[in-house]
$ cat data.pdb   # PDB, C-alpha atoms, pLDDT in the B column
ATOM      1  CA  ASP A   1      35.422-107.055  59.816  1.00 70.00           C
ATOM      2  CA  VAL A   2      32.863-106.392  57.126  1.00 69.00           C
ATOM      3  CA  LYS A   3      34.347-105.234  53.880  1.00 90.00           C
ATOM      4  CA  VAL A   4      32.411-103.224  51.316  1.00 95.00           C
ATOM      5  CA  THR A   5      34.446-102.723  48.175  1.00 96.00           C
ATOM      6  CA  GLN A   6      33.692-100.253  45.435  1.00 96.00           C
ATOM      7  CA  SER A   7      35.438-101.133  42.219  1.00 89.00           C
ATOM      8  CA  SER A   8      36.767 -97.678  41.379  1.00 91.00           C
ATOM      9  CA  ARG A   9      37.951 -94.837  43.579  1.00 93.00           C
ATOM     10  CA  TYR A  10      37.945 -92.289  40.764  1.00 96.00           C
ATOM     11  CA  LEU A  11      36.155 -92.421  37.434  1.00 97.00           C
ATOM     12  CA  VAL A  12      35.966 -89.952  34.546  1.00 97.00           C
ATOM     13  CA  LYS A  13      33.288 -90.456  31.898  1.00 97.00           C
ATOM     14  CA  ARG A  14      31.869 -88.487  29.014  1.00 97.00           C
ATOM     15  CA  THR A  15      28.333 -87.190  28.740  1.00 98.00           C
ATOM     16  CA  GLY A  16      26.045 -89.825  27.241  1.00 97.00           C
ATOM     17  CA  GLU A  17      28.173 -92.806  28.229  1.00 97.00           C
ATOM     18  CA  LYS A  18      26.682 -95.749  30.065  1.00 97.00           C
ATOM     19  CA  VAL A  19      28.401 -96.049  33.429  1.00 97.00           C
ATOM     20  CA  PHE A  20      28.527 -98.985  35.816  1.00 97.00           C
ATOM     21  CA  LEU A  21      29.503 -98.541  39.452  1.00 97.00           C
ATOM     22  CA  GLU A  22      30.129-101.837  41.191  1.00 97.00           C
ATOM     23  CA  CYS A  23      29.888-102.681  44.868  1.00 97.00           C
ATOM     24  CA  VAL A  24      30.697-105.968  46.575  1.00 97.00           C
ATOM     25  CA  GLN A  25      30.263-106.949  50.225  1.00 96.00           C
ATOM     26  CA  ASP A  26      31.743-110.018  51.847  1.00 93.00           C
ATOM     27  CA  MET A  27      29.437-110.626  54.820  1.00 89.00           C
ATOM     28  CA  ASP A  28      26.300-112.085  53.223  1.00 91.00           C
ATOM     29  CA  HIS A  29      24.321-108.954  54.070  1.00 91.00           C
ATOM     30  CA  GLU A  30      20.741-108.818  52.886  1.00 89.00           C
ATOM     31  CA  ASN A  31      20.348-105.095  52.284  1.00 92.00           C
ATOM     32  CA  MET A  32      22.507-102.915  50.085  1.00 95.00           C
ATOM     33  CA  PHE A  33      22.298 -99.221  49.280  1.00 96.00           C
ATOM     34  CA  TRP A  34      23.562 -96.613  46.878  1.00 97.00           C
ATOM     35  CA  TYR A  35      23.914 -92.980  47.989  1.00 97.00           C
ATOM     36  CA  ARG A  36      25.317 -89.926  46.344  1.00 96.00           C
ATOM     37  CA  GLN A  37      27.002 -87.169  48.277  1.00 95.00           C
ATOM     38  CA  ASP A  38      27.276 -83.566  47.171  1.00 93.00           C
ATOM     39  CA  PRO A  39      28.600 -80.531  49.048  1.00 89.00           C
ATOM     40  CA  GLY A  40      25.953 -79.068  51.320  1.00 86.00           C
ATOM     41  CA  LEU A  41      23.422 -81.810  50.566  1.00 88.00           C
ATOM     42  CA  GLY A  42      24.639 -84.681  52.731  1.00 89.00           C
ATOM     43  CA  LEU A  43      24.008 -88.264  51.662  1.00 92.00           C
ATOM     44  CA  ARG A  44      20.992 -88.852  49.454  1.00 94.00           C
ATOM     45  CA  LEU A  45      19.572 -92.315  48.853  1.00 94.00           C
ATOM     46  CA  ILE A  46      19.345 -93.362  45.198  1.00 97.00           C
ATOM     47  CA  TYR A  47      18.261 -97.001  45.389  1.00 96.00           C
ATOM     48  CA  PHE A  48      18.363 -99.857  47.821  1.00 94.00           C
ATOM     49  CA  SER A  49      17.879-103.599  47.622  1.00 94.00           C
ATOM     50  CA  TYR A  50      16.718-105.991  50.324  1.00 89.00           C
ATOM     51  CA  ASP A  51      17.259-109.209  48.413  1.00 90.00           C
ATOM     52  CA  VAL A  52      18.569-110.627  45.159  1.00 94.00           C
ATOM     53  CA  LYS A  53      16.671-109.177  42.194  1.00 92.00           C
ATOM     54  CA  MET A  54      14.721-106.887  44.540  1.00 92.00           C
ATOM     55  CA  LYS A  55      15.099-103.120  44.414  1.00 94.00           C
ATOM     56  CA  GLU A  56      13.376-100.084  45.807  1.00 93.00           C
ATOM     57  CA  LYS A  57      13.674 -96.444  44.813  1.00 95.00           C
ATOM     58  CA  GLY A  58      15.222 -94.025  47.220  1.00 93.00           C
ATOM     59  CA  ASP A  59      14.740 -90.275  47.202  1.00 92.00           C
ATOM     60  CA  ILE A  60      16.571 -89.489  43.947  1.00 96.00           C
ATOM     61  CA  PRO A  61      16.322 -92.467  41.542  1.00 97.00           C
ATOM     62  CA  GLU A  62      15.887 -90.433  38.342  1.00 97.00           C
ATOM     63  CA  GLY A  63      18.628 -91.108  35.827  1.00 96.00           C
ATOM     64  CA  TYR A  64      19.802 -94.254  37.626  1.00 98.00           C
ATOM     65  CA  SER A  65      19.026 -97.944  37.645  1.00 97.00           C
ATOM     66  CA  VAL A  66      20.416-100.817  39.696  1.00 98.00           C
ATOM     67  CA  SER A  67      21.071-104.503  39.399  1.00 97.00           C
ATOM     68  CA  ARG A  68      21.372-107.180  42.068  1.00 97.00           C
ATOM     69  CA  GLU A  69      21.879-110.551  40.450  1.00 96.00           C
ATOM     70  CA  LYS A  70      23.920-111.954  43.326  1.00 96.00           C
ATOM     71  CA  LYS A  71      23.580-111.268  47.030  1.00 96.00           C
ATOM     72  CA  GLU A  72      27.074-109.875  47.408  1.00 96.00           C
ATOM     73  CA  ARG A  73      27.007-107.489  44.450  1.00 97.00           C
ATOM     74  CA  PHE A  74      24.951-104.349  43.889  1.00 98.00           C
ATOM     75  CA  SER A  75      25.534-102.327  40.731  1.00 98.00           C
ATOM     76  CA  LEU A  76      24.512 -98.748  40.044  1.00 98.00           C
ATOM     77  CA  ILE A  77      23.954 -97.910  36.393  1.00 98.00           C
ATOM     78  CA  LEU A  78      23.870 -94.504  34.772  1.00 97.00           C
ATOM     79  CA  GLU A  79      22.157 -95.220  31.454  1.00 94.00           C
ATOM     80  CA  SER A  80      23.320 -91.972  29.857  1.00 97.00           C
ATOM     81  CA  ALA A  81      25.655 -90.018  32.094  1.00 97.00           C
ATOM     82  CA  SER A  82      25.094 -86.306  32.457  1.00 98.00           C
ATOM     83  CA  THR A  83      27.225 -83.601  34.033  1.00 98.00           C
ATOM     84  CA  ASN A  84      24.783 -83.215  36.925  1.00 97.00           C
ATOM     85  CA  GLN A  85      25.625 -86.767  37.934  1.00 98.00           C
ATOM     86  CA  THR A  86      29.161 -85.729  38.801  1.00 98.00           C
ATOM     87  CA  SER A  87      29.316 -86.683  42.453  1.00 97.00           C
ATOM     88  CA  MET A  88      30.700 -88.974  45.139  1.00 97.00           C
ATOM     89  CA  TYR A  89      28.841 -92.298  45.146  1.00 98.00           C
ATOM     90  CA  LEU A  90      28.772 -94.411  48.275  1.00 97.00           C
ATOM     91  CA  CYS A  91      27.673 -98.007  48.578  1.00 97.00           C
ATOM     92  CA  ALA A  92      26.623 -99.558  51.876  1.00 95.00           C
ATOM     93  CA  SER A  93      25.374-102.886  53.175  1.00 94.00           C
ATOM     94  CA  ILE A  94      23.575-104.007  56.291  1.00 90.00           C
ATOM     95  CA  GLN A  95      22.276-107.056  58.046  1.00 84.00           C
ATOM     96  CA  ARG A  96      18.975-106.599  59.833  1.00 77.00           C
ATOM     97  CA  GLY A  97      19.582-104.938  63.189  1.00 75.00           C
ATOM     98  CA  SER A  98      23.227-104.167  62.544  1.00 82.00           C
ATOM     99  CA  PRO A  99      24.912-100.866  61.620  1.00 87.00           C
ATOM    100  CA  LEU A 100      25.474 -99.810  58.021  1.00 89.00           C
ATOM    101  CA  HIS A 101      28.876-100.572  56.551  1.00 93.00           C
ATOM    102  CA  PHE A 102      30.076 -98.234  53.818  1.00 95.00           C
ATOM    103  CA  GLY A 103      32.621 -98.504  51.072  1.00 95.00           C
ATOM    104  CA  ASN A 104      35.117 -95.696  50.557  1.00 93.00           C
ATOM    105  CA  GLY A 105      33.242 -94.199  47.655  1.00 96.00           C
ATOM    106  CA  THR A 106      33.654 -93.624  43.939  1.00 96.00           C
ATOM    107  CA  ARG A 107      34.229 -90.070  42.833  1.00 96.00           C
ATOM    108  CA  LEU A 108      32.636 -89.815  39.402  1.00 98.00           C
ATOM    109  CA  THR A 109      33.299 -86.916  37.066  1.00 98.00           C
ATOM    110  CA  VAL A 110      31.173 -86.575  33.928  1.00 98.00           C
ATOM    111  CA  THR A 111      32.612 -84.205  31.348  1.00 97.00           C
TER
ATOM    112  CA  ASP B   1      13.095 -86.418  53.925  1.00 66.00           C
ATOM    113  CA  ALA B   2      15.463 -86.923  56.802  1.00 70.00           C
ATOM    114  CA  LYS B   3      13.786 -87.448  60.154  1.00 86.00           C
ATOM    115  CA  THR B   4      16.614 -85.751  62.012  1.00 94.00           C
ATOM    116  CA  THR B   5      17.928 -82.209  62.223  1.00 94.00           C
ATOM    117  CA  GLN B   6      21.432 -81.233  63.252  1.00 96.00           C
ATOM    118  CA  PRO B   7      23.356 -77.962  63.362  1.00 97.00           C
ATOM    119  CA  PRO B   8      25.416 -77.578  60.187  1.00 95.00           C
ATOM    120  CA  SER B   9      28.686 -76.968  62.009  1.00 96.00           C
ATOM    121  CA  MET B  10      30.292 -76.810  65.436  1.00 97.00           C
ATOM    122  CA  ASP B  11      33.680 -75.989  66.904  1.00 97.00           C
ATOM    123  CA  CYS B  12      35.324 -77.671  69.873  1.00 97.00           C
ATOM    124  CA  ALA B  13      38.700 -77.120  71.506  1.00 97.00           C
ATOM    125  CA  GLU B  14      41.109 -80.021  71.464  1.00 97.00           C
ATOM    126  CA  GLY B  15      40.945 -81.987  74.714  1.00 96.00           C
ATOM    127  CA  ARG B  16      37.471 -80.778  75.601  1.00 97.00           C
ATOM    128  CA  ALA B  17      34.261 -82.770  75.326  1.00 97.00           C
ATOM    129  CA  ALA B  18      32.428 -82.354  72.033  1.00 98.00           C
ATOM    130  CA  ASN B  19      28.646 -82.475  72.436  1.00 98.00           C
ATOM    131  CA  LEU B  20      26.775 -82.922  69.170  1.00 98.00           C
ATOM    132  CA  PRO B  21      22.998 -82.506  69.324  1.00 98.00           C
ATOM    133  CA  CYS B  22      20.377 -84.169  67.153  1.00 97.00           C
ATOM    134  CA  ASN B  23      16.660 -83.545  67.026  1.00 96.00           C
ATOM    135  CA  HIS B  24      14.342 -86.411  66.079  1.00 95.00           C
ATOM    136  CA  SER B  25      10.997 -85.198  67.357  1.00 94.00           C
ATOM    137  CA  THR B  26       8.939 -87.578  65.179  1.00 91.00           C
ATOM    138  CA  ILE B  27      10.799 -90.725  66.182  1.00 91.00           C
ATOM    139  CA  SER B  28       8.665 -93.856  66.496  1.00 88.00           C
ATOM    140  CA  GLY B  29       8.776 -96.257  69.411  1.00 87.00           C
ATOM    141  CA  ASN B  30      10.664 -98.921  67.474  1.00 86.00           C
ATOM    142  CA  GLU B  31      13.213 -96.632  65.862  1.00 89.00           C
ATOM    143  CA  TYR B  32      16.801 -96.625  66.996  1.00 91.00           C
ATOM    144  CA  VAL B  33      19.107 -93.612  66.955  1.00 94.00           C
ATOM    145  CA  TYR B  34      22.378 -94.241  65.113  1.00 93.00           C
ATOM    146  CA  TRP B  35      25.430 -92.026  64.814  1.00 96.00           C
ATOM    147  CA  TYR B  36      28.027 -92.161  62.062  1.00 96.00           C
ATOM    148  CA  ARG B  37      30.974 -90.005  61.195  1.00 96.00           C
ATOM    149  CA  GLN B  38      32.708 -89.334  57.913  1.00 95.00           C
ATOM    150  CA  ILE B  39      36.304 -88.304  57.712  1.00 93.00           C
ATOM    151  CA  HIS B  40      37.321 -86.635  54.500  1.00 85.00           C
ATOM    152  CA  SER B  41      37.635 -88.988  51.518  1.00 80.00           C
ATOM    153  CA  GLN B  42      36.277 -92.001  53.372  1.00 89.00           C
ATOM    154  CA  GLY B  43      32.874 -93.623  53.715  1.00 93.00           C
ATOM    155  CA  PRO B  44      30.876 -92.969  56.875  1.00 94.00           C
ATOM    156  CA  GLN B  45      31.848 -95.072  59.878  1.00 95.00           C
ATOM    157  CA  TYR B  46      29.496 -96.339  62.550  1.00 94.00           C
ATOM    158  CA  ILE B  47      29.990 -94.850  66.029  1.00 97.00           C
ATOM    159  CA  ILE B  48      27.175 -95.868  68.337  1.00 96.00           C
ATOM    160  CA  HIS B  49      23.449 -96.485  68.534  1.00 93.00           C
ATOM    161  CA  GLY B  50      20.670 -96.684  71.114  1.00 93.00           C
ATOM    162  CA  LEU B  51      16.953 -97.103  71.629  1.00 92.00           C
ATOM    163  CA  LYS B  52      16.065 -95.624  75.007  1.00 91.00           C
ATOM    164  CA  ASN B  53      18.960 -95.960  77.389  1.00 87.00           C
ATOM    165  CA  ASN B  54      22.200 -94.053  77.309  1.00 94.00           C
ATOM    166  CA  GLU B  55      25.010 -95.956  75.684  1.00 96.00           C
ATOM    167  CA  THR B  56      28.791 -95.787  75.865  1.00 96.00           C
ATOM    168  CA  ASN B  57      31.536 -97.481  73.918  1.00 95.00           C
ATOM    169  CA  GLU B  58      35.225 -96.887  73.330  1.00 94.00           C
ATOM    170  CA  MET B  59      34.510 -94.101  70.852  1.00 93.00           C
ATOM    171  CA  ALA B  60      31.697 -92.073  72.380  1.00 97.00           C
ATOM    172  CA  SER B  61      28.651 -91.781  74.605  1.00 98.00           C
ATOM    173  CA  LEU B  62      25.072 -91.392  73.460  1.00 98.00           C
ATOM    174  CA  ILE B  63      22.559 -89.587  75.636  1.00 97.00           C
ATOM    175  CA  ILE B  64      18.906 -89.958  74.613  1.00 96.00           C
ATOM    176  CA  THR B  65      16.296 -87.787  76.286  1.00 96.00           C
ATOM    177  CA  GLU B  66      13.505 -89.487  78.173  1.00 95.00           C
ATOM    178  CA  ASP B  67      10.921 -88.511  75.550  1.00 95.00           C
ATOM    179  CA  ARG B  68      13.368 -89.735  72.873  1.00 95.00           C
ATOM    180  CA  LYS B  69      12.843 -86.601  70.802  1.00 95.00           C
ATOM    181  CA  SER B  70      16.495 -85.636  70.873  1.00 96.00           C
ATOM    182  CA  SER B  71      19.910 -87.055  71.579  1.00 97.00           C
ATOM    183  CA  THR B  72      23.489 -85.936  72.098  1.00 98.00           C
ATOM    184  CA  LEU B  73      26.653 -87.626  70.961  1.00 98.00           C
ATOM    185  CA  ILE B  74      29.535 -86.954  73.319  1.00 98.00           C
ATOM    186  CA  LEU B  75      33.183 -87.311  72.355  1.00 97.00           C
ATOM    187  CA  PRO B  76      34.755 -87.052  75.814  1.00 96.00           C
ATOM    188  CA  HIS B  77      38.227 -85.775  74.898  1.00 94.00           C
ATOM    189  CA  ALA B  78      38.182 -84.467  71.348  1.00 96.00           C
ATOM    190  CA  THR B  79      41.339 -84.743  69.274  1.00 96.00           C
ATOM    191  CA  LEU B  80      42.211 -83.296  65.884  1.00 96.00           C
ATOM    192  CA  ARG B  81      41.410 -86.704  64.378  1.00 94.00           C
ATOM    193  CA  ASP B  82      37.774 -86.223  65.420  1.00 96.00           C
ATOM    194  CA  THR B  83      37.393 -83.485  62.819  1.00 96.00           C
ATOM    195  CA  ALA B  84      34.685 -84.955  60.580  1.00 96.00           C
ATOM    196  CA  VAL B  85      31.047 -84.746  59.535  1.00 95.00           C
ATOM    197  CA  TYR B  86      28.763 -86.456  62.052  1.00 97.00           C
ATOM    198  CA  TYR B  87      25.439 -87.914  60.998  1.00 96.00           C
ATOM    199  CA  CYS B  88      22.535 -88.818  63.226  1.00 96.00           C
ATOM    200  CA  ILE B  89      19.839 -91.076  61.741  1.00 93.00           C
ATOM    201  CA  VAL B  90      16.841 -92.981  63.003  1.00 91.00           C
ATOM    202  CA  ARG B  91      15.846 -96.344  61.674  1.00 86.00           C
ATOM    203  CA  VAL B  92      13.757 -99.403  62.338  1.00 80.00           C
ATOM    204  CA  ALA B  93      15.707-102.657  62.314  1.00 68.00           C
ATOM    205  CA  SER B  94      13.331-104.264  59.815  1.00 65.00           C
ATOM    206  CA  ARG B  95      13.827-105.918  56.484  1.00 54.00           C
ATOM    207  CA  ASP B  96      12.835-103.091  54.160  1.00 60.00           C
ATOM    208  CA  ASP B  97      15.095-100.419  55.486  1.00 73.00           C
ATOM    209  CA  LYS B  98      15.012 -97.123  53.683  1.00 81.00           C
ATOM    210  CA  ILE B  99      17.796 -95.429  55.556  1.00 87.00           C
ATOM    211  CA  ILE B 100      17.779 -91.677  55.078  1.00 87.00           C
ATOM    212  CA  PHE B 101      20.631 -89.412  56.107  1.00 90.00           C
ATOM    213  CA  GLY B 102      20.429 -85.690  56.704  1.00 87.00           C
ATOM    214  CA  LYS B 103      23.174 -83.167  56.089  1.00 90.00           C
ATOM    215  CA  GLY B 104      25.057 -83.866  59.317  1.00 94.00           C
ATOM    216  CA  THR B 105      27.186 -81.610  61.513  1.00 96.00           C
ATOM    217  CA  ARG B 106      30.670 -80.626  60.447  1.00 96.00           C
ATOM    218  CA  LEU B 107      32.757 -80.708  63.634  1.00 97.00           C
ATOM    219  CA  HIS B 108      35.958 -78.661  63.708  1.00 97.00           C
ATOM    220  CA  ILE B 109      38.418 -79.475  66.457  1.00 96.00           C
ATOM    221  CA  LEU B 110      40.513 -76.427  67.222  1.00 95.00           C
ATOM    222  CA  PRO B 111      44.126 -76.885  68.387  1.00 92.00           C
TER
END
$ encode --input "data.pdb" --output "structure tokens"
Amino acid sequence: DVKVTQSSRYLVKRTGEKVFLECVQDMDHENMFWYRQDPGLGLRLIYFSYDVKMKEKGDIPEGYSVSREKKERFSLILESASTNQTSMYLCASIQRGSPLHFGNGTRLTVT
Amino acid sequence: DAKTTQPPSMDCAEGRAANLPCNHSTISGNEYVYWYRQIHSQGPQYIIHGLKNNETNEMASLIITEDRKSSTLILPHATLRDTAVYYCIVRVASRDDKIIFGKGTRLHILP
């Protein structure tokens, strides 16, 4: 079975801190994604990557950046965390033609 | 923007069939319909997908209309464990996937 692992289940950070959310997949998948999930808004795509060092903006990239230095790892970076970035963050990976596989999420609270 | 629309919530009695509709009127010929569900505090889980023909697996059945503009996910004998948010998405199985989710349908199974 594909495993997508997010490094933290819960995270509390202060406003202005730089925050790294890490995601690792173990199936050599090409594409990886970061979503955020908020009540009533569903899943919204922040960034995705289709190869090492390649990235594309999703629907809500403002305030975020990403890094994909290795195929198995996709990091989401909040350069200066703000309270409106308090959310559930979900990482996913996919091989072309196959279903998405999600991690269990990181619930980030920015105070 | 999401290419699918779903009712925000539905109720179904335990033991009955749950029929979850999804509208995708602008679907392209090479786009598949995928269904996922998300149980509280977990990442979304793949259920089933299809292109034109109806599909069935151990979890559910997928009925796609002939014009492909809508589909229905059927859980044949709903149990309390099927209480979840169900997402319908459309996507092309190509390299540069930008996979967009909508807000999904919150399914309540009533005892």
$ closest_residue --input "data.pdb" --among "A:Gln25, A:Ser75, A:Thr109, A:Gln6" --to "chain B" --atoms "only C-alpha atoms"
A:Gln6
$ interface_residues --input "data.pdb" --of "chain A" --to "chain B" --cutoff "12 Å" --atoms "all atoms listed in the file" --output "ChimeraX atom specification"
/A:2-6,9-10,29-51,54-60,88-107
$ write_last_selection --input "data.pdb" --atoms "C-alpha atoms" --output "PDB file, keeping the file's coordinate frame"
ATOM      1  CA  VAL A   2      32.863-106.392  57.126  1.00 69.00           C
ATOM      2  CA  LYS A   3      34.347-105.234  53.880  1.00 90.00           C
ATOM      3  CA  VAL A   4      32.411-103.224  51.316  1.00 95.00           C
ATOM      4  CA  THR A   5      34.446-102.723  48.175  1.00 96.00           C
ATOM      5  CA  GLN A   6      33.692-100.253  45.435  1.00 96.00           C
ATOM      6  CA  ARG A   9      37.951 -94.837  43.579  1.00 93.00           C
ATOM      7  CA  TYR A  10      37.945 -92.289  40.764  1.00 96.00           C
ATOM      8  CA  HIS A  29      24.321-108.954  54.070  1.00 91.00           C
ATOM      9  CA  GLU A  30      20.741-108.818  52.886  1.00 89.00           C
ATOM     10  CA  ASN A  31      20.348-105.095  52.284  1.00 92.00           C
ATOM     11  CA  MET A  32      22.507-102.915  50.085  1.00 95.00           C
ATOM     12  CA  PHE A  33      22.298 -99.221  49.280  1.00 96.00           C
ATOM     13  CA  TRP A  34      23.562 -96.613  46.878  1.00 97.00           C
ATOM     14  CA  TYR A  35      23.914 -92.980  47.989  1.00 97.00           C
ATOM     15  CA  ARG A  36      25.317 -89.926  46.344  1.00 96.00           C
ATOM     16  CA  GLN A  37      27.002 -87.169  48.277  1.00 95.00           C
ATOM     17  CA  ASP A  38      27.276 -83.566  47.171  1.00 93.00           C
ATOM     18  CA  PRO A  39      28.600 -80.531  49.048  1.00 89.00           C
ATOM     19  CA  GLY A  40      25.953 -79.068  51.320  1.00 86.00           C
ATOM     20  CA  LEU A  41      23.422 -81.810  50.566  1.00 88.00           C
ATOM     21  CA  GLY A  42      24.639 -84.681  52.731  1.00 89.00           C
ATOM     22  CA  LEU A  43      24.008 -88.264  51.662  1.00 92.00           C
ATOM     23  CA  ARG A  44      20.992 -88.852  49.454  1.00 94.00           C
ATOM     24  CA  LEU A  45      19.572 -92.315  48.853  1.00 94.00           C
ATOM     25  CA  ILE A  46      19.345 -93.362  45.198  1.00 97.00           C
ATOM     26  CA  TYR A  47      18.261 -97.001  45.389  1.00 96.00           C
ATOM     27  CA  PHE A  48      18.363 -99.857  47.821  1.00 94.00           C
ATOM     28  CA  SER A  49      17.879-103.599  47.622  1.00 94.00           C
ATOM     29  CA  TYR A  50      16.718-105.991  50.324  1.00 89.00           C
ATOM     30  CA  ASP A  51      17.259-109.209  48.413  1.00 90.00           C
ATOM     31  CA  MET A  54      14.721-106.887  44.540  1.00 92.00           C
ATOM     32  CA  LYS A  55      15.099-103.120  44.414  1.00 94.00           C
ATOM     33  CA  GLU A  56      13.376-100.084  45.807  1.00 93.00           C
ATOM     34  CA  LYS A  57      13.674 -96.444  44.813  1.00 95.00           C
ATOM     35  CA  GLY A  58      15.222 -94.025  47.220  1.00 93.00           C
ATOM     36  CA  ASP A  59      14.740 -90.275  47.202  1.00 92.00           C
ATOM     37  CA  ILE A  60      16.571 -89.489  43.947  1.00 96.00           C
ATOM     38  CA  MET A  88      30.700 -88.974  45.139  1.00 97.00           C
ATOM     39  CA  TYR A  89      28.841 -92.298  45.146  1.00 98.00           C
ATOM     40  CA  LEU A  90      28.772 -94.411  48.275  1.00 97.00           C
ATOM     41  CA  CYS A  91      27.673 -98.007  48.578  1.00 97.00           C
ATOM     42  CA  ALA A  92      26.623 -99.558  51.876  1.00 95.00           C
ATOM     43  CA  SER A  93      25.374-102.886  53.175  1.00 94.00           C
ATOM     44  CA  ILE A  94      23.575-104.007  56.291  1.00 90.00           C
ATOM     45  CA  GLN A  95      22.276-107.056  58.046  1.00 84.00           C
ATOM     46  CA  ARG A  96      18.975-106.599  59.833  1.00 77.00           C
ATOM     47  CA  GLY A  97      19.582-104.938  63.189  1.00 75.00           C
ATOM     48  CA  SER A  98      23.227-104.167  62.544  1.00 82.00           C
ATOM     49  CA  PRO A  99      24.912-100.866  61.620  1.00 87.00           C
ATOM     50  CA  LEU A 100      25.474 -99.810  58.021  1.00 89.00           C
ATOM     51  CA  HIS A 101      28.876-100.572  56.551  1.00 93.00           C
ATOM     52  CA  PHE A 102      30.076 -98.234  53.818  1.00 95.00           C
ATOM     53  CA  GLY A 103      32.621 -98.504  51.072  1.00 95.00           C
ATOM     54  CA  ASN A 104      35.117 -95.696  50.557  1.00 93.00           C
ATOM     55  CA  GLY A 105      33.242 -94.199  47.655  1.00 96.00           C
ATOM     56  CA  THR A 106      33.654 -93.624  43.939  1.00 96.00           C
ATOM     57  CA  ARG A 107      34.229 -90.070  42.833  1.00 96.00           C
TER      58      ARG A 107
END
$ atom_distance --input "data.pdb" --atom1 "atom CA of A:Asp28" --atom2 "atom CA of A:Ser8"
21.4 Å
$ closest_residue --input "data.pdb" --among "B:Ala17, B:Leu75, B:Cys22, B:Met10" --to "B:His108" --atoms "all atoms listed in the file"
B:Met10
$ residues_near_point --input "data.pdb" --point "(43.9, -75.5, 66.6)" --cutoff "9 Å" --atoms "all atoms listed in the file" --output "PDB file with C-alpha atoms, in the frame of the given file"
ATOM      1  CA  ALA B  13      38.700 -77.120  71.506  1.00 97.00           C
ATOM      2  CA  GLU B  14      41.109 -80.021  71.464  1.00 97.00           C
ATOM      3  CA  LEU B  80      42.211 -83.296  65.884  1.00 96.00           C
ATOM      4  CA  ILE B 109      38.418 -79.475  66.457  1.00 96.00           C
ATOM      5  CA  LEU B 110      40.513 -76.427  67.222  1.00 95.00           C
ATOM      6  CA  PRO B 111      44.126 -76.885  68.387  1.00 92.00           C
TER       7      PRO B 111
END
$ atom_distance --input "data.pdb" --atom1 "atom CA of A:Ser7" --atom2 "atom CA of A:Asp26"
13.6 Å
$ atom_distance --input "data.pdb" --atom1 "atom CA of B:Val90" --atom2 "atom CA of B:Gly15"
29.0 Å
$ resolve_selection --input "data.pdb" --expression "the PyMOL selection byres ((chain B and resi 57) around 12)" --output "VMD selection string"
chain B and resid 46 to 50 54 to 56 58 to 62 73 to 76
$ axis_aligned_box --input "data.pdb" --around "stretch 19-38 of chain A" --padding-each-side "3 Å" --output "AutoDock Vina command-line options"
--center_x 26.0 --center_y -97.8 --center_z 44.1 --size_x 17.4 --size_y 34.5 --size_z 27.4
$ closest_residue --input "data.pdb" --among "B:Asn19, B:Asn53, B:Thr5, B:Thr26" --to "B:Thr65" --atoms "all atoms listed in the file"
B:Asn53
$ residues_around --input "data.pdb" --residues "A:Ala81" --least-positions-apart "6" --cutoff "9 Å" --atoms "all atoms listed in the file" --output "PyMOL selection string"
chain A and resi 13-19+63+110
$ closest_residue --input "data.pdb" --among "B:Leu51, B:Leu20, B:Val33, B:Leu107" --to "B:Asp82" --atoms "all atoms listed in the file"
B:Leu107
$ build_atoms --input "data.pdb" --residues "stretch 98-108 of chain B" --atoms "N, CA and C atoms" --output "PDB file, keeping the file's coordinate frame"
ATOM      1  N   LYS B  98      14.715 -98.246  54.568  1.00 81.00           N
ATOM      2  CA  LYS B  98      15.012 -97.123  53.683  1.00 81.00           C
ATOM      3  C   LYS B  98      15.722 -96.129  54.578  1.00 81.00           C
ATOM      4  N   ILE B  99      17.025 -96.181  54.582  1.00 87.00           N
ATOM      5  CA  ILE B  99      17.796 -95.429  55.556  1.00 87.00           C
ATOM      6  C   ILE B  99      18.166 -94.079  54.976  1.00 87.00           C
ATOM      7  N   ILE B 100      17.632 -93.043  55.590  1.00 87.00           N
ATOM      8  CA  ILE B 100      17.779 -91.677  55.078  1.00 87.00           C
ATOM      9  C   ILE B 100      18.723 -90.900  55.989  1.00 87.00           C
ATOM     10  N   PHE B 101      19.708 -90.280  55.388  1.00 90.00           N
ATOM     11  CA  PHE B 101      20.631 -89.412  56.107  1.00 90.00           C
ATOM     12  C   PHE B 101      20.245 -87.955  55.890  1.00 90.00           C
ATOM     13  N   GLY B 102      20.553 -87.134  56.871  1.00 87.00           N
ATOM     14  CA  GLY B 102      20.429 -85.690  56.704  1.00 87.00           C
ATOM     15  C   GLY B 102      21.757 -85.112  56.256  1.00 87.00           C
ATOM     16  N   LYS B 103      21.959 -83.833  56.542  1.00 90.00           N
ATOM     17  CA  LYS B 103      23.174 -83.167  56.089  1.00 90.00           C
ATOM     18  C   LYS B 103      24.311 -83.241  57.104  1.00 90.00           C
ATOM     19  N   GLY B 104      24.016 -83.672  58.322  1.00 94.00           N
ATOM     20  CA  GLY B 104      25.057 -83.866  59.317  1.00 94.00           C
ATOM     21  C   GLY B 104      25.589 -82.580  59.908  1.00 94.00           C
ATOM     22  N   THR B 105      26.490 -82.733  60.868  1.00 96.00           N
ATOM     23  CA  THR B 105      27.186 -81.610  61.513  1.00 96.00           C
ATOM     24  C   THR B 105      28.665 -81.730  61.217  1.00 96.00           C
ATOM     25  N   ARG B 106      29.228 -80.646  60.669  1.00 96.00           N
ATOM     26  CA  ARG B 106      30.670 -80.626  60.447  1.00 96.00           C
ATOM     27  C   ARG B 106      31.334 -80.135  61.730  1.00 96.00           C
ATOM     28  N   LEU B 107      32.080 -81.025  62.380  1.00 97.00           N
ATOM     29  CA  LEU B 107      32.757 -80.708  63.634  1.00 97.00           C
ATOM     30  C   LEU B 107      34.208 -80.326  63.357  1.00 97.00           C
ATOM     31  N   HIS B 108      34.571 -79.128  63.818  1.00 97.00           N
ATOM     32  CA  HIS B 108      35.958 -78.661  63.708  1.00 97.00           C
ATOM     33  C   HIS B 108      36.585 -78.724  65.085  1.00 97.00           C
TER      34      HIS B 108
END
